[in-house]
file upload.cif (mmCIF, C-alpha atoms)
data_entry
loop_
_atom_site.label_atom_id
_atom_site.label_comp_id
_atom_site.auth_asym_id
_atom_site.auth_seq_id
_atom_site.Cartn_x
_atom_site.Cartn_y
_atom_site.Cartn_z
CA MET U 1 87.02 57.25 -1.81
CA SER U 2 85.09 54.86 0.40
CA THR U 3 81.48 53.78 0.15
CA PRO U 4 78.77 55.56 2.17
CA GLN U 5 77.61 54.30 5.55
CA LYS U 6 74.64 51.93 5.80
CA ILE U 7 74.20 51.79 9.55
CA ASP U 8 70.43 51.39 9.17
CA GLN U 9 70.99 48.24 7.10
CA GLU U 10 73.51 46.94 9.62
CA ILE U 11 70.92 47.44 12.38
CA ILE U 12 68.21 45.63 10.37
CA THR U 13 70.63 42.75 9.74
CA ALA U 14 71.46 42.60 13.46
CA ILE U 15 67.75 42.43 14.34
CA ILE U 16 67.14 39.65 11.82
CA ASN U 17 70.14 37.67 13.09
CA ARG U 18 69.06 38.06 16.71
CA ILE U 19 65.48 36.94 16.04
CA GLN U 20 66.66 33.98 13.94
CA ALA U 21 68.92 32.93 16.84
CA ILE U 22 65.92 32.51 19.15
CA ASN U 23 65.15 28.88 19.85
CA SER U 24 62.89 27.06 22.23
CA ILE U 25 65.33 24.23 22.98
CA SER U 26 66.90 25.99 25.97
CA GLY U 27 63.51 26.70 27.52
CA GLU U 28 64.17 30.46 27.52
CA TYR U 29 61.80 31.10 24.61
CA TYR U 30 58.49 29.71 23.37
CA TYR U 31 59.24 29.29 19.64
CA ASP U 32 61.94 29.04 16.97
CA TYR U 33 62.14 31.77 14.32
CA ALA U 34 63.48 30.59 10.99
CA ASN U 35 61.20 32.79 8.87
CA VAL U 36 62.39 36.35 9.45
CA PHE U 37 62.11 38.83 6.58
CA ASP U 38 63.07 42.39 5.69
CA HIS U 39 60.14 44.09 3.90
CA HIS U 40 58.50 40.89 2.68
CA PRO U 41 55.64 41.47 0.22
CA ALA U 42 52.21 41.49 1.86
CA THR U 43 51.22 37.91 1.03
CA PHE U 44 52.92 35.01 2.79
CA THR U 45 52.76 31.40 1.68
CA VAL U 46 51.77 28.69 4.16
CA GLY U 47 55.38 27.42 4.27
CA GLU U 48 56.59 30.85 5.40
CA LEU U 49 54.34 30.97 8.47
CA PRO U 50 54.65 31.70 11.29
CA ALA U 51 56.80 34.63 10.24
CA VAL U 52 58.40 37.83 11.47
CA ASN U 53 58.60 40.71 9.00
CA LEU U 54 60.60 43.88 9.65
CA ARG U 55 59.43 47.12 8.07
CA GLU U 56 61.37 50.36 8.28
CA VAL U 57 58.69 52.97 8.96
CA LYS U 58 60.90 56.04 8.86
CA GLU U 59 64.24 57.46 9.82
CA GLU U 60 64.15 60.86 11.41
CA LEU U 61 66.80 63.30 12.51
CA ALA U 62 66.82 63.58 16.28
CA LYS U 63 69.53 66.25 16.40
CA GLU U 64 72.66 67.49 14.71
CA LEU U 65 75.53 66.92 17.05
CA GLU U 66 78.28 69.22 15.84
CA ALA U 67 78.35 72.84 14.79
CA ASN U 68 79.34 71.86 11.26
CA ASN U 69 76.51 69.28 11.05
CA ALA U 70 79.01 66.45 10.54
CA ILE U 71 77.15 63.92 12.70
CA HIS U 72 73.43 63.17 12.82
CA GLU U 73 71.66 61.42 15.66
CA CYS U 74 68.81 59.50 14.07
CA GLY U 75 65.75 57.67 15.24
CA LEU U 76 64.85 54.63 13.14
CA LEU U 77 61.24 53.51 13.58
CA ILE U 78 60.82 49.82 12.84
CA ASP U 79 57.64 47.75 12.80
CA ILE U 80 58.16 44.10 13.65
CA ASP U 81 55.17 42.24 12.24
CA LEU U 82 54.26 38.87 13.73
CA ILE U 83 52.21 36.73 11.34
CA ILE U 84 50.70 33.37 12.23
CA ASP U 85 48.57 30.88 10.32
CA ASP U 86 47.16 28.78 13.17
CA PRO U 87 46.25 30.55 16.43
CA LEU U 88 45.57 27.17 18.04
CA ASN U 89 49.23 26.13 17.65
CA VAL U 90 51.00 29.51 17.90
CA ASN U 91 50.18 32.01 20.63
CA ILE U 92 50.74 35.57 19.39
CA ARG U 93 51.38 36.86 22.93
CA GLU U 94 54.12 34.28 23.41
CA MET U 95 55.68 35.37 20.10
CA LYS U 96 55.57 38.99 21.26
CA ALA U 97 57.21 38.01 24.57
CA ASP U 98 59.97 36.16 22.68
CA ILE U 99 60.73 39.14 20.45
CA LEU U 100 60.74 41.66 23.31
CA LYS U 101 63.00 39.44 25.41
CA SER U 102 65.47 39.04 22.53
CA ILE U 103 65.54 42.80 21.94
CA SER U 104 66.29 43.40 25.63
CA ASP U 105 69.42 41.23 25.45
CA ASP U 106 71.37 44.14 23.90
CA LEU U 107 69.59 47.43 23.22
CA THR U 108 72.64 48.75 21.32
CA TRP U 109 72.70 45.96 18.69
CA GLY U 110 76.36 45.21 19.23
CA GLY U 111 77.31 48.87 19.54
CA LEU U 112 75.60 50.01 16.32
CA ALA U 113 73.08 52.11 18.25
CA HIS U 114 72.84 54.05 21.49
CA THR U 115 69.60 52.45 22.62
CA THR U 116 66.31 50.90 21.57
CA LYS U 117 62.96 52.14 22.83
CA TYR U 118 59.69 50.24 22.87
CA ILE U 119 56.99 52.40 21.28
CA SER U 120 53.84 50.28 20.95
CA ASN U 121 52.12 47.06 20.00
CA VAL U 122 49.10 46.89 17.69
CA ARG U 123 46.95 43.80 17.17
CA ASP U 124 45.53 42.90 13.73
CA LYS U 125 47.33 45.70 11.88
CA GLU U 126 45.80 46.64 8.51
CA ASP U 127 47.11 48.48 5.46
CA SER U 128 45.38 51.51 3.93
CA GLN U 129 43.05 49.22 1.92
CA GLY U 130 41.90 47.33 5.01
CA ASN U 131 43.98 44.22 4.35
CA LYS U 132 45.43 42.57 7.42
CA ILE U 133 49.23 43.00 7.54
CA ALA U 134 49.99 41.22 10.79
CA ASP U 135 48.44 39.53 13.79
CA SER U 136 50.56 41.74 16.01
CA THR U 137 52.99 44.59 15.26
CA ILE U 138 55.67 45.70 17.69
CA ARG U 139 57.04 49.19 17.02
CA VAL U 140 60.48 50.13 18.29
CA LYS U 141 62.66 53.18 17.83
CA ILE U 142 66.39 52.69 17.53
CA ILE U 143 68.54 55.73 18.29
CA TYR U 144 71.92 55.81 16.56
CA ARG U 145 74.51 58.19 15.16
CA LYS U 146 75.87 58.41 11.67
CA ASN U 147 78.05 60.72 9.70
CA ALA U 148 75.96 63.41 8.07
CA TRP U 149 74.86 62.63 4.54
CA SER U 150 76.10 59.03 5.00
CA LYS U 151 79.75 59.94 4.54
CA ASN U 152 82.42 57.74 6.13
#
call {"tool": "encode", "arguments": {"input": "upload.cif", "output": "structure tokens"}}
result
Amino acid sequence: MSTPQKIDQEIITAIINRIQAINSISGEYYYDYANVFDHHPATFTVGELPAVNLREVKEELAKELEANNAIHECGLLIDIDLIIDDPLNVNIREMKADILKSISDDLTWGGLAHTTKYISNVRDKEDSQGNKIADSTIRVKIIYRKNAWSKN
């Protein structure tokens, strides 16, 4: 018996790899992105900034695709938090532009998904206790298919 599918993890890994591949040397982007995290704890150290933190908000069933419910089409909501420590040296709008441009390079994440949709951007996002999470949060929805109940 084989292990269950983890397409959502493969998509997160693809996003991290794509953002880490951004560099400003070619002149196509504003910044380099070495500090990219998957669900980093709320507090960042100075050495980790500027940073990009991915948070899986939720996965929802978009539709069942076969009569026997063997395949699910899912929507994976992801928040991409942009965190800076010095707004005089790092422009949050330029960071946002970098991330959106890199996403647009391949909306299917190497064939893992059908498409990626831009949902929103929120400035100075806070948690439920009023603590600032990010200077800017980009929300995207990635539509993909997987075998029902994560079976191979």
call {"tool": "resolve_selection", "arguments": {"input": "upload.cif", "expression": "the PyMOL selection byres ((chain U and resi 106-117) around 8)", "output": "ChimeraX atom specification"}}
result
/U:7,10-11,14-15,102-105,118-119,140-145
call {"tool": "closest_residue", "arguments": {"input": "upload.cif", "among": "U:His40, U:Lys101, U:Lys132, U:Lys58", "to": "U:Ile22", "atoms": "all atoms listed in the file"}}
result
U:Lys101
call {"tool": "resolve_selection", "arguments": {"input": "upload.cif", "expression": "the PyMOL selection byres ((chain U and resi 82-85) around 12)", "output": "VMD selection string"}}
result
chain U and resid 19 33 35 to 37 40 42 to 55 79 to 81 86 to 100 121 to 125 132 to 139
call {"tool": "residues_around", "arguments": {"input": "upload.cif", "residues": "U:Ala21", "least_positions_apart": "3", "cutoff": "9 Å", "atoms": "all atoms listed in the file", "output": "ChimeraX atom specification"}}
result
/U:16-18,32-34
call {"tool": "atom_distance", "arguments": {"input": "upload.cif", "atom1": "atom CA of U:Ala148", "atom2": "atom CA of U:Ser120"}}
result
28.8 Å
call {"tool": "residues_around", "arguments": {"input": "upload.cif", "residues": "U:Glu56", "least_positions_apart": "6", "cutoff": "10 Å", "atoms": "all atoms listed in the file", "output": "list of chain:residue names"}}
result
U:Asp8, U:Gln9, U:Ile12, U:Asp38, U:His39, U:Leu76, U:Leu77, U:Ile78, U:Asp79, U:Ile80, U:Arg139
call {"tool": "atom_distance", "arguments": {"input": "upload.cif", "atom1": "atom CA of U:Trp149", "atom2": "atom CA of U:Pro41"}}
result
28.9 Å
